[in-house]
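Peer 1: This is the content of my_file.csv (CSV, N, CA and C atoms):
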```
chain,number,residue,atom,x,y,z
J,132,MET,N,99.1,102.0,104.4
J,132,MET,CA,97.8,102.6,104.0
J,132,MET,C,97.9,104.1,104.2
J,133,ASN,N,97.6,104.9,103.3
J,133,ASN,CA,97.6,106.3,103.4
J,133,ASN,C,96.3,106.9,103.9
J,134,PRO,N,96.2,107.3,105.1
J,134,PRO,CA,94.9,107.8,105.7
J,134,PRO,C,94.3,108.9,104.9
J,135,ALA,N,95.1,109.8,104.3
J,135,ALA,CA,94.6,110.9,103.5
J,135,ALA,C,93.8,110.4,102.3
J,136,LEU,N,94.1,109.3,101.8
J,136,LEU,CA,93.4,108.8,100.6
J,136,LEU,C,92.4,107.7,101.0
J,137,LEU,N,92.3,107.3,102.2
J,137,LEU,CA,91.5,106.2,102.6
J,137,LEU,C,90.0,106.4,102.3
J,138,SER,N,89.5,107.6,102.6
J,138,SER,CA,88.1,107.8,102.4
J,138,SER,C,87.7,107.7,100.9
J,139,ASP,N,88.5,108.2,100.1
J,139,ASP,CA,88.3,108.0,98.6
J,139,ASP,C,88.3,106.6,98.2
J,140,ARG,N,89.3,105.9,98.7
J,140,ARG,CA,89.4,104.5,98.3
J,140,ARG,C,88.3,103.6,98.9
J,141,LEU,N,87.8,103.9,100.1
J,141,LEU,CA,86.7,103.2,100.6
J,141,LEU,C,85.4,103.5,99.9
J,142,THR,N,85.3,104.8,99.5
J,142,THR,CA,84.1,105.2,98.8
J,142,THR,C,84.0,104.5,97.4
J,143,GLU,N,85.2,104.4,96.8
J,143,GLU,CA,85.3,103.7,95.5
J,143,GLU,C,84.9,102.3,95.6
J,144,TRP,N,85.4,101.6,96.7
J,144,TRP,CA,85.0,100.2,96.9
J,144,TRP,C,83.5,100.1,97.2
J,145,ALA,N,83.0,100.9,98.0
J,145,ALA,CA,81.6,100.8,98.5
J,145,ALA,C,80.6,101.0,97.3
J,146,ARG,N,81.0,101.7,96.3
J,146,ARG,CA,80.1,101.9,95.2
J,146,ARG,C,79.6,100.6,94.6
J,147,THR,N,80.4,99.6,94.7
J,147,THR,CA,80.1,98.3,94.1
J,147,THR,C,79.4,97.3,95.1
J,148,GLN,N,79.2,97.8,96.3
J,148,GLN,CA,78.6,97.0,97.4
J,148,GLN,C,77.1,97.2,97.5
J,149,GLN,N,76.5,96.4,98.4
J,149,GLN,CA,75.1,96.5,98.7
J,149,GLN,C,74.9,97.9,99.4
J,150,PRO,N,73.6,98.3,99.4
J,150,PRO,CA,73.3,99.6,100.1
J,150,PRO,C,73.7,99.7,101.5
J,151,GLY,N,73.6,98.7,102.3
J,151,GLY,CA,74.0,98.7,103.7
J,151,GLY,C,75.5,99.0,103.9
J,152,GLU,N,76.3,98.3,103.1
J,152,GLU,CA,77.7,98.6,103.2
J,152,GLU,C,78.1,100.0,102.7
J,153,ARG,N,77.4,100.5,101.6
J,153,ARG,CA,77.6,101.8,101.2
J,153,ARG,C,77.3,102.8,102.3
J,154,ALA,N,76.1,102.6,102.9
J,154,ALA,CA,75.7,103.5,104.0
J,154,ALA,C,76.6,103.5,105.2
J,155,ALA,N,77.1,102.3,105.5
J,155,ALA,CA,78.0,102.1,106.7
J,155,ALA,C,79.4,102.8,106.4
J,156,VAL,N,79.9,102.7,105.2
J,156,VAL,CA,81.1,103.3,104.9
J,156,VAL,C,81.0,104.8,104.9
J,157,ALA,N,79.9,105.3,104.3
J,157,ALA,CA,79.6,106.8,104.3
J,157,ALA,C,79.5,107.3,105.8
J,158,ALA,N,78.9,106.5,106.7
J,158,ALA,CA,78.8,106.9,108.1
J,158,ALA,C,80.2,107.0,108.7
J,159,LEU,N,81.0,106.0,108.5
J,159,LEU,CA,82.3,106.0,109.1
J,159,LEU,C,83.1,107.2,108.6
J,160,ILE,N,83.0,107.5,107.3
J,160,ILE,CA,83.7,108.6,106.7
J,160,ILE,C,83.2,109.9,107.3
J,161,GLU,N,81.9,110.1,107.3
J,161,GLU,CA,81.3,111.3,107.8
J,161,GLU,C,81.6,111.5,109.3
J,162,GLU,N,81.6,110.5,110.1
J,162,GLU,CA,81.9,110.7,111.5
J,162,GLU,C,83.3,111.0,111.7
J,163,GLY,N,84.2,110.4,111.0
J,163,GLY,CA,85.6,110.8,110.9
J,163,GLY,C,86.5,110.3,112.1
J,164,ASP,N,86.1,110.5,113.3
J,164,ASP,CA,87.0,110.2,114.4
J,164,ASP,C,87.3,108.7,114.5
J,165,ILE,N,86.4,107.8,114.3
J,165,ILE,CA,86.6,106.4,114.5
J,165,ILE,C,87.5,105.9,113.4
J,166,LEU,N,87.3,106.3,112.2
J,166,LEU,CA,88.1,105.8,111.1
J,166,LEU,C,89.5,106.4,111.1
J,167,ALA,N,89.7,107.5,111.8
J,167,ALA,CA,91.0,108.1,112.0
J,167,ALA,C,91.9,107.3,112.9
J,168,ARG,N,91.3,106.4,113.7
J,168,ARG,CA,92.1,105.6,114.6
J,168,ARG,C,92.8,104.5,113.9
J,169,ALA,N,94.1,104.4,114.1
J,169,ALA,CA,94.9,103.3,113.4
J,169,ALA,C,94.4,101.9,113.8
J,170,ASP,N,94.1,101.7,115.1
J,170,ASP,CA,93.7,100.4,115.6
J,170,ASP,C,92.4,100.0,114.9
J,171,VAL,N,91.4,100.9,114.7
J,171,VAL,CA,90.2,100.6,114.0
J,171,VAL,C,90.5,100.3,112.5
J,172,ARG,N,91.3,101.1,111.9
J,172,ARG,CA,91.6,100.9,110.5
J,172,ARG,C,92.3,99.5,110.3
J,173,ASP,N,93.2,99.2,111.2
J,173,ASP,CA,94.0,97.9,111.1
J,173,ASP,C,93.1,96.7,111.2
J,174,LEU,N,92.0,96.9,112.0
J,174,LEU,CA,91.1,95.7,112.2
J,174,LEU,C,90.0,95.7,111.1
J,175,LEU,N,89.6,96.8,110.6
J,175,LEU,CA,88.5,96.9,109.7
J,175,LEU,C,88.8,96.9,108.2
J,176,VAL,N,89.8,97.7,107.8
J,176,VAL,CA,90.2,97.9,106.4
J,176,VAL,C,91.3,97.0,106.0
J,177,VAL,N,91.0,96.3,104.9
J,177,VAL,CA,92.0,95.4,104.3
J,177,VAL,C,92.5,95.9,103.0
J,178,GLU,N,93.8,96.0,102.9
J,178,GLU,CA,94.5,96.5,101.8
J,178,GLU,C,94.7,95.3,100.8
J,179,ILE,N,94.2,95.5,99.5
J,179,ILE,CA,94.4,94.5,98.5
J,179,ILE,C,95.2,95.2,97.3
J,180,GLU,N,95.5,94.4,96.4
J,180,GLU,CA,96.4,94.8,95.3
J,180,GLU,C,95.8,96.1,94.6
J,181,ASP,N,94.5,96.0,94.3
J,181,ASP,CA,93.8,97.1,93.6
J,181,ASP,C,92.9,98.0,94.4
J,182,GLY,N,93.1,98.1,95.7
J,182,GLY,CA,92.3,98.9,96.5
J,182,GLY,C,92.2,98.5,98.0
J,183,VAL,N,91.1,98.7,98.6
J,183,VAL,CA,90.8,98.4,99.9
J,183,VAL,C,89.4,97.8,100.0
J,184,PHE,N,89.1,97.2,101.1
J,184,PHE,CA,87.7,96.8,101.4
J,184,PHE,C,87.5,96.7,102.9
J,185,CYS,N,86.3,96.7,103.4
J,185,CYS,CA,86.0,96.6,104.8
J,185,CYS,C,85.7,95.1,105.1
J,186,ASP,N,86.4,94.5,106.0
J,186,ASP,CA,86.1,93.1,106.4
J,186,ASP,C,85.2,93.2,107.7
J,187,TRP,N,83.9,93.4,107.4
J,187,TRP,CA,83.0,93.6,108.5
J,187,TRP,C,82.9,92.4,109.4
J,188,ALA,N,82.9,91.2,108.9
J,188,ALA,CA,82.8,90.0,109.7
J,188,ALA,C,84.0,89.9,110.7
J,189,ARG,N,85.2,90.1,110.2
J,189,ARG,CA,86.3,90.0,111.1
J,189,ARG,C,86.3,91.1,112.1
J,190,PHE,N,85.9,92.3,111.7
J,190,PHE,CA,85.8,93.4,112.6
J,190,PHE,C,84.8,93.2,113.7
J,191,GLU,N,83.6,92.7,113.3
J,191,GLU,CA,82.5,92.5,114.3
J,191,GLU,C,83.0,91.5,115.4
J,192,THR,N,83.7,90.5,115.0
J,192,THR,CA,84.1,89.5,116.0
J,192,THR,C,85.2,89.9,116.9
J,193,ARG,N,86.0,90.9,116.5
J,193,ARG,CA,87.2,91.2,117.2
J,193,ARG,C,87.3,92.6,117.8
J,194,TYR,N,86.4,93.5,117.4
J,194,TYR,CA,86.6,94.9,117.8
J,194,TYR,C,86.4,95.1,119.3
J,195,ARG,N,85.4,94.5,119.9
J,195,ARG,CA,85.2,94.7,121.4
J,195,ARG,C,86.3,94.2,122.2
J,196,PRO,N,86.8,93.0,122.0
J,196,PRO,CA,87.9,92.6,122.9
J,196,PRO,C,89.3,93.3,122.6
J,197,SER,N,89.4,93.8,121.4
J,197,SER,CA,90.8,94.3,121.1
J,197,SER,C,90.9,95.8,121.0
J,198,LEU,N,89.8,96.6,121.0
J,198,LEU,CA,89.9,98.0,120.9
J,198,LEU,C,89.4,98.6,122.2
J,199,ASP,N,90.1,99.7,122.6
J,199,ASP,CA,89.7,100.5,123.8
J,199,ASP,C,88.7,101.5,123.4
J,200,LEU,N,87.4,101.2,123.5
J,200,LEU,CA,86.4,102.1,123.1
J,200,LEU,C,85.6,102.7,124.3
J,201,ASN,N,85.2,103.9,124.1
J,201,ASN,CA,84.3,104.5,125.2
J,201,ASN,C,82.9,104.0,124.7
J,202,THR,N,81.9,104.3,125.6
J,202,THR,CA,80.5,103.9,125.3
J,202,THR,C,80.0,104.4,124.0
J,203,ALA,N,80.2,105.7,123.7
J,203,ALA,CA,79.7,106.3,122.5
J,203,ALA,C,80.3,105.7,121.3
J,204,GLU,N,81.6,105.4,121.3
J,204,GLU,CA,82.3,104.8,120.2
J,204,GLU,C,81.8,103.4,119.9
J,205,ASP,N,81.6,102.6,121.0
J,205,ASP,CA,81.1,101.3,120.9
J,205,ASP,C,79.7,101.3,120.3
J,206,THR,N,78.9,102.2,120.8
J,206,THR,CA,77.5,102.3,120.3
J,206,THR,C,77.5,102.6,118.8
J,207,PHE,N,78.3,103.6,118.5
J,207,PHE,CA,78.3,104.0,117.1
J,207,PHE,C,78.7,102.9,116.2
J,208,LEU,N,79.8,102.1,116.5
J,208,LEU,CA,80.2,101.0,115.7
J,208,LEU,C,79.2,99.9,115.7
J,209,THR,N,78.4,99.7,116.8
J,209,THR,CA,77.4,98.7,116.8
J,209,THR,C,76.3,99.1,115.8
J,210,PHE,N,75.9,100.3,115.7
J,210,PHE,CA,74.9,100.8,114.7
J,210,PHE,C,75.5,100.7,113.3
J,211,VAL,N,76.8,101.1,113.1
J,211,VAL,CA,77.4,101.0,111.7
J,211,VAL,C,77.4,99.6,111.2
J,212,ILE,N,77.8,98.7,112.1
J,212,ILE,CA,77.8,97.2,111.7
J,212,ILE,C,76.4,96.8,111.3
J,213,ALA,N,75.4,97.2,112.1
J,213,ALA,CA,74.0,96.8,111.9
J,213,ALA,C,73.5,97.4,110.5
J,214,VAL,N,74.0,98.5,110.1
J,214,VAL,CA,73.7,99.1,108.8
J,214,VAL,C,74.3,98.3,107.7
J,215,ALA,N,75.6,97.9,107.9
J,215,ALA,CA,76.3,97.2,106.9
J,215,ALA,C,75.7,95.8,106.7
J,216,PHE,N,75.4,95.1,107.8
J,216,PHE,CA,74.8,93.8,107.7
J,216,PHE,C,73.7,93.8,108.8
J,217,PRO,N,72.5,93.5,108.5
J,217,PRO,CA,71.4,93.5,109.5
J,217,PRO,C,71.7,92.7,110.7
J,218,ARG,N,71.6,93.4,111.8
J,218,ARG,CA,71.8,92.8,113.2
J,218,ARG,C,70.7,93.4,114.1
J,219,HIS,N,70.4,92.7,115.1
J,219,HIS,CA,69.5,93.3,116.2
J,219,HIS,C,70.3,94.2,117.0
J,220,VAL,N,69.8,95.4,117.2
J,220,VAL,CA,70.5,96.4,118.0
J,220,VAL,C,69.4,97.1,118.9
J,221,PRO,N,69.6,97.1,120.2
J,221,PRO,CA,68.7,97.7,121.0
J,221,PRO,C,68.6,99.2,120.8
J,222,LEU,N,67.5,99.7,120.4
J,222,LEU,CA,67.4,101.1,120.0
J,222,LEU,C,67.7,102.1,121.1
J,223,TRP,N,67.5,101.7,122.4
J,223,TRP,CA,67.7,102.6,123.5
J,223,TRP,C,69.2,103.0,123.5
J,224,ARG,N,70.0,102.3,122.9
J,224,ARG,CA,71.5,102.7,122.9
J,224,ARG,C,71.7,104.0,122.2
J,225,VAL,N,70.8,104.5,121.4
J,225,VAL,CA,71.0,105.8,120.8
J,225,VAL,C,71.3,106.9,121.8
J,226,GLU,N,70.8,106.7,123.0
J,226,GLU,CA,71.1,107.7,124.0
J,226,GLU,C,72.6,107.9,124.3
J,227,ASP,N,73.4,106.9,124.0
J,227,ASP,CA,74.8,107.0,124.2
J,227,ASP,C,75.6,107.7,123.1
J,228,LEU,N,74.9,107.9,121.9
J,228,LEU,CA,75.6,108.4,120.8
J,228,LEU,C,76.0,109.9,120.8
J,229,GLY,N,75.2,110.7,121.5
J,229,GLY,CA,75.4,112.2,121.4
J,229,GLY,C,74.8,112.7,120.1
J,230,ASP,N,74.6,114.0,120.0
J,230,ASP,CA,73.9,114.6,118.8
J,230,ASP,C,74.6,114.4,117.5
J,231,ARG,N,75.9,114.6,117.5
J,231,ARG,CA,76.7,114.5,116.2
J,231,ARG,C,76.6,113.0,115.7
J,232,ARG,N,76.9,112.1,116.5
J,232,ARG,CA,76.9,110.7,116.0
J,232,ARG,C,75.5,110.2,115.7
J,233,LEU,N,74.5,110.7,116.5
J,233,LEU,CA,73.1,110.3,116.2
J,233,LEU,C,72.7,110.8,114.9
J,234,ALA,N,73.1,112.0,114.5
J,234,ALA,CA,72.8,112.5,113.2
J,234,ALA,C,73.4,111.7,112.1
J,235,VAL,N,74.6,111.2,112.3
J,235,VAL,CA,75.3,110.4,111.3
J,235,VAL,C,74.6,109.1,111.2
J,236,VAL,N,74.2,108.5,112.3
J,236,VAL,CA,73.5,107.2,112.2
J,236,VAL,C,72.1,107.4,111.5
J,237,LEU,N,71.4,108.4,111.8
J,237,LEU,CA,70.1,108.7,111.2
J,237,LEU,C,70.3,108.9,109.7
J,238,ARG,N,71.3,109.6,109.3
J,238,ARG,CA,71.6,109.7,107.8
J,238,ARG,C,71.9,108.4,107.2
J,239,ALA,N,72.7,107.5,107.9
J,239,ALA,CA,73.0,106.2,107.4
J,239,ALA,C,71.7,105.3,107.2
J,240,LEU,N,70.8,105.4,108.2
J,240,LEU,CA,69.5,104.7,108.1
J,240,LEU,C,68.7,105.2,106.9
J,241,ALA,N,68.7,106.5,106.7
J,241,ALA,CA,68.0,107.1,105.5
J,241,ALA,C,68.6,106.6,104.2
J,242,ARG,N,70.0,106.5,104.1
J,242,ARG,CA,70.6,106.0,102.9
J,242,ARG,C,70.3,104.5,102.8
J,243,LEU,N,70.2,103.8,103.8
J,243,LEU,CA,69.9,102.4,103.8
J,243,LEU,C,68.5,102.2,103.2
J,244,ALA,N,67.6,103.1,103.5
J,244,ALA,CA,66.2,103.1,103.0
J,244,ALA,C,66.1,103.6,101.6
J,245,GLY,N,67.2,104.0,101.1
J,245,GLY,CA,67.2,104.5,99.7
J,245,GLY,C,66.9,106.0,99.5
J,246,SER,N,66.9,106.7,100.6
J,246,SER,CA,66.5,108.1,100.6
J,246,SER,C,67.7,109.1,100.8
J,247,ASP,N,67.9,110.0,99.8
J,247,ASP,CA,68.9,111.0,100.0
J,247,ASP,C,68.2,112.4,100.3
J,248,SER,N,66.9,112.4,100.4
J,248,SER,CA,66.2,113.6,100.5
J,248,SER,C,65.7,114.0,101.9
J,249,ILE,N,65.9,113.0,102.9
J,249,ILE,CA,65.4,113.3,104.2
J,249,ILE,C,66.5,114.1,104.9
J,250,ALA,N,66.1,115.3,105.4
J,250,ALA,CA,67.1,116.2,106.1
J,250,ALA,C,67.2,115.7,107.6
J,251,VAL,N,68.4,115.5,108.0
J,251,VAL,CA,68.7,115.2,109.4
J,251,VAL,C,69.7,116.2,109.9
J,252,GLY,N,69.3,116.8,111.0
J,252,GLY,CA,70.1,117.8,111.6
J,252,GLY,C,69.3,118.7,112.5
J,253,ALA,N,69.9,119.8,113.0
J,253,ALA,CA,69.3,120.7,113.9
J,253,ALA,C,68.3,121.6,113.2
J,254,ARG,N,67.2,121.8,113.8
J,254,ARG,CA,66.2,122.7,113.2
J,254,ARG,C,66.6,124.2,113.5
J,255,THR,N,66.4,125.0,112.5
J,255,THR,CA,66.7,126.4,112.7
J,255,THR,C,65.5,127.3,112.6
```
Show the structure stored in the file as structure tokens.

Peer 2:
Amino acid sequence: MNPALLSDRLTEWARTQQPGERAAVAALIEEGDILARADVRDLLVVEIEDGVFCDWARFETRYRPSLDLNTAEDTFLTFVIAVAFPRHVPLWRVEDLGDRRLAVVLRALARLAGSDSIAVGART
């Protein structure tokens, strides 16, 4: 799998998926660090003859026991999975995200709601 082309290939696949999966893929690409990890890609991204796709169900059941994640990474992935497929997530966990990842999650939630016009970021 060529990581330089992965974001384009995932974006292409996500275009045909439900809004939650599109928003989750966009969040992973925007955040960048998590998807740059080979262990995450190996567990989440499946290479097929004509592209790639995210196997969210496999990833959700395997990522905690098999990946060495810090609290912020685990929290981010918890929210991304909940965006891809509705899950109960304790909202208090946002305190573990940090500003950068919190902004990514908030933009993903706005995309999930069908909004591209809500500005998320620091006030100037």

Peer 1: Would you please extract all strand (DSSP E or B) residues from region 166-228 of chain J, as assigned by DSSP on the backbone, and give them as a list of chain:residue names?

Peer 2: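 Reading the DSSP output for region 166-228 of chain J, strand (DSSP E or B) covers J:Val176, J:Val177, J:Glu178, J:Ile179, J:Gly182, J:Val183, J:Phe184, J:Cys185.
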
Peer 1: Hey, which of J:Ala215, J:Val183, J:Leu243, J:Leu228 ends up closest to Ala203 (chain J)? Count all atoms listed in the file.

Peer 2: J:Leu228

Peer 1: Go through J:Glu178, J:Val235, J:Leu222, J:Phe216 one by one, measure the shortest atom-to-atom distance of each to Gly163 (chain J) using only C-alpha atoms, and give the residue with the smallest value.

Peer 2: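 Of all the options, J:Val235 lies closest to Gly163 (chain J).
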
Peer 1: So which residues touch Asp205 (chain J) within 8 Å, counting all atoms listed in the file, skipping near sequence neighbours fewer than 6 positions away, as a list in words?

Peer 2: Arg195, Asp199 and Val211 of chain J

Peer 1: What is the CA of Leu208 (chain J)-CA of Ala169 (chain J) distance in Å, reported with one decimal?

Peer 2: 15.1 Å

Peer 1: When you draw a straight line from atom C of Arg140 (chain J) to CA of Asp227 (chain J), how long is it in Å?

Peer 2: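 Separation of atom C of Arg140 (chain J) and CA of Asp227 (chain J): 28.9 Å.
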
Peer 1: Reconstruct region 190-207 of chain J at the level of N, CA, C and O atoms, and format the result as a compact mmCIF listing (two decimals), in the frame of the given file.

Peer 2:
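Done, and the output landed in rebuild26.txt:
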```
# COMPACT_ATOMS: atom_id res chain seq x y z
N PHE J 190 85.90 92.30 111.70
CA PHE J 190 85.80 93.40 112.60
C PHE J 190 84.80 93.20 113.70
O PHE J 190 85.07 93.39 114.88
N GLU J 191 83.60 92.70 113.30
CA GLU J 191 82.50 92.50 114.30
C GLU J 191 83.00 91.50 115.40
O GLU J 191 82.63 91.67 116.56
N THR J 192 83.70 90.50 115.00
CA THR J 192 84.10 89.50 116.00
C THR J 192 85.20 89.90 116.90
O THR J 192 85.46 89.31 117.95
N ARG J 193 86.00 90.90 116.50
CA ARG J 193 87.20 91.20 117.20
C ARG J 193 87.30 92.60 117.80
O ARG J 193 88.13 92.90 118.63
N TYR J 194 86.40 93.50 117.40
CA TYR J 194 86.60 94.90 117.80
C TYR J 194 86.40 95.10 119.30
O TYR J 194 87.12 95.89 119.94
N ARG J 195 85.40 94.50 119.90
CA ARG J 195 85.20 94.70 121.40
C ARG J 195 86.30 94.20 122.20
O ARG J 195 86.79 94.98 123.10
N PRO J 196 86.80 93.00 122.00
CA PRO J 196 87.90 92.60 122.90
C PRO J 196 89.30 93.30 122.60
O PRO J 196 90.15 93.32 123.47
N SER J 197 89.40 93.80 121.40
CA SER J 197 90.80 94.30 121.10
C SER J 197 90.90 95.80 121.00
O SER J 197 92.03 96.34 120.97
N LEU J 198 89.80 96.60 121.00
CA LEU J 198 89.90 98.00 120.90
C LEU J 198 89.40 98.60 122.20
O LEU J 198 88.49 98.18 122.85
N ASP J 199 90.10 99.70 122.60
CA ASP J 199 89.70 100.50 123.80
C ASP J 199 88.70 101.50 123.40
O ASP J 199 89.13 102.60 122.92
N LEU J 200 87.40 101.20 123.50
CA LEU J 200 86.40 102.10 123.10
C LEU J 200 85.60 102.70 124.30
O LEU J 200 85.33 101.95 125.21
N ASN J 201 85.20 103.90 124.10
CA ASN J 201 84.30 104.50 125.20
C ASN J 201 82.90 104.00 124.70
O ASN J 201 82.66 103.46 123.65
N THR J 202 81.90 104.30 125.60
CA THR J 202 80.50 103.90 125.30
C THR J 202 80.00 104.40 124.00
O THR J 202 79.35 103.72 123.21
N ALA J 203 80.20 105.70 123.70
CA ALA J 203 79.70 106.30 122.50
C ALA J 203 80.30 105.70 121.30
O ALA J 203 79.65 105.46 120.26
N GLU J 204 81.60 105.40 121.30
CA GLU J 204 82.30 104.80 120.20
C GLU J 204 81.80 103.40 119.90
O GLU J 204 81.53 103.00 118.78
N ASP J 205 81.60 102.60 121.00
CA ASP J 205 81.10 101.30 120.90
C ASP J 205 79.70 101.30 120.30
O ASP J 205 79.38 100.48 119.42
N THR J 206 78.90 102.20 120.80
CA THR J 206 77.50 102.30 120.30
C THR J 206 77.50 102.60 118.80
O THR J 206 76.75 102.04 118.05
N PHE J 207 78.30 103.60 118.50
CA PHE J 207 78.30 104.00 117.10
C PHE J 207 78.70 102.90 116.20
O PHE J 207 78.09 102.58 115.15
```
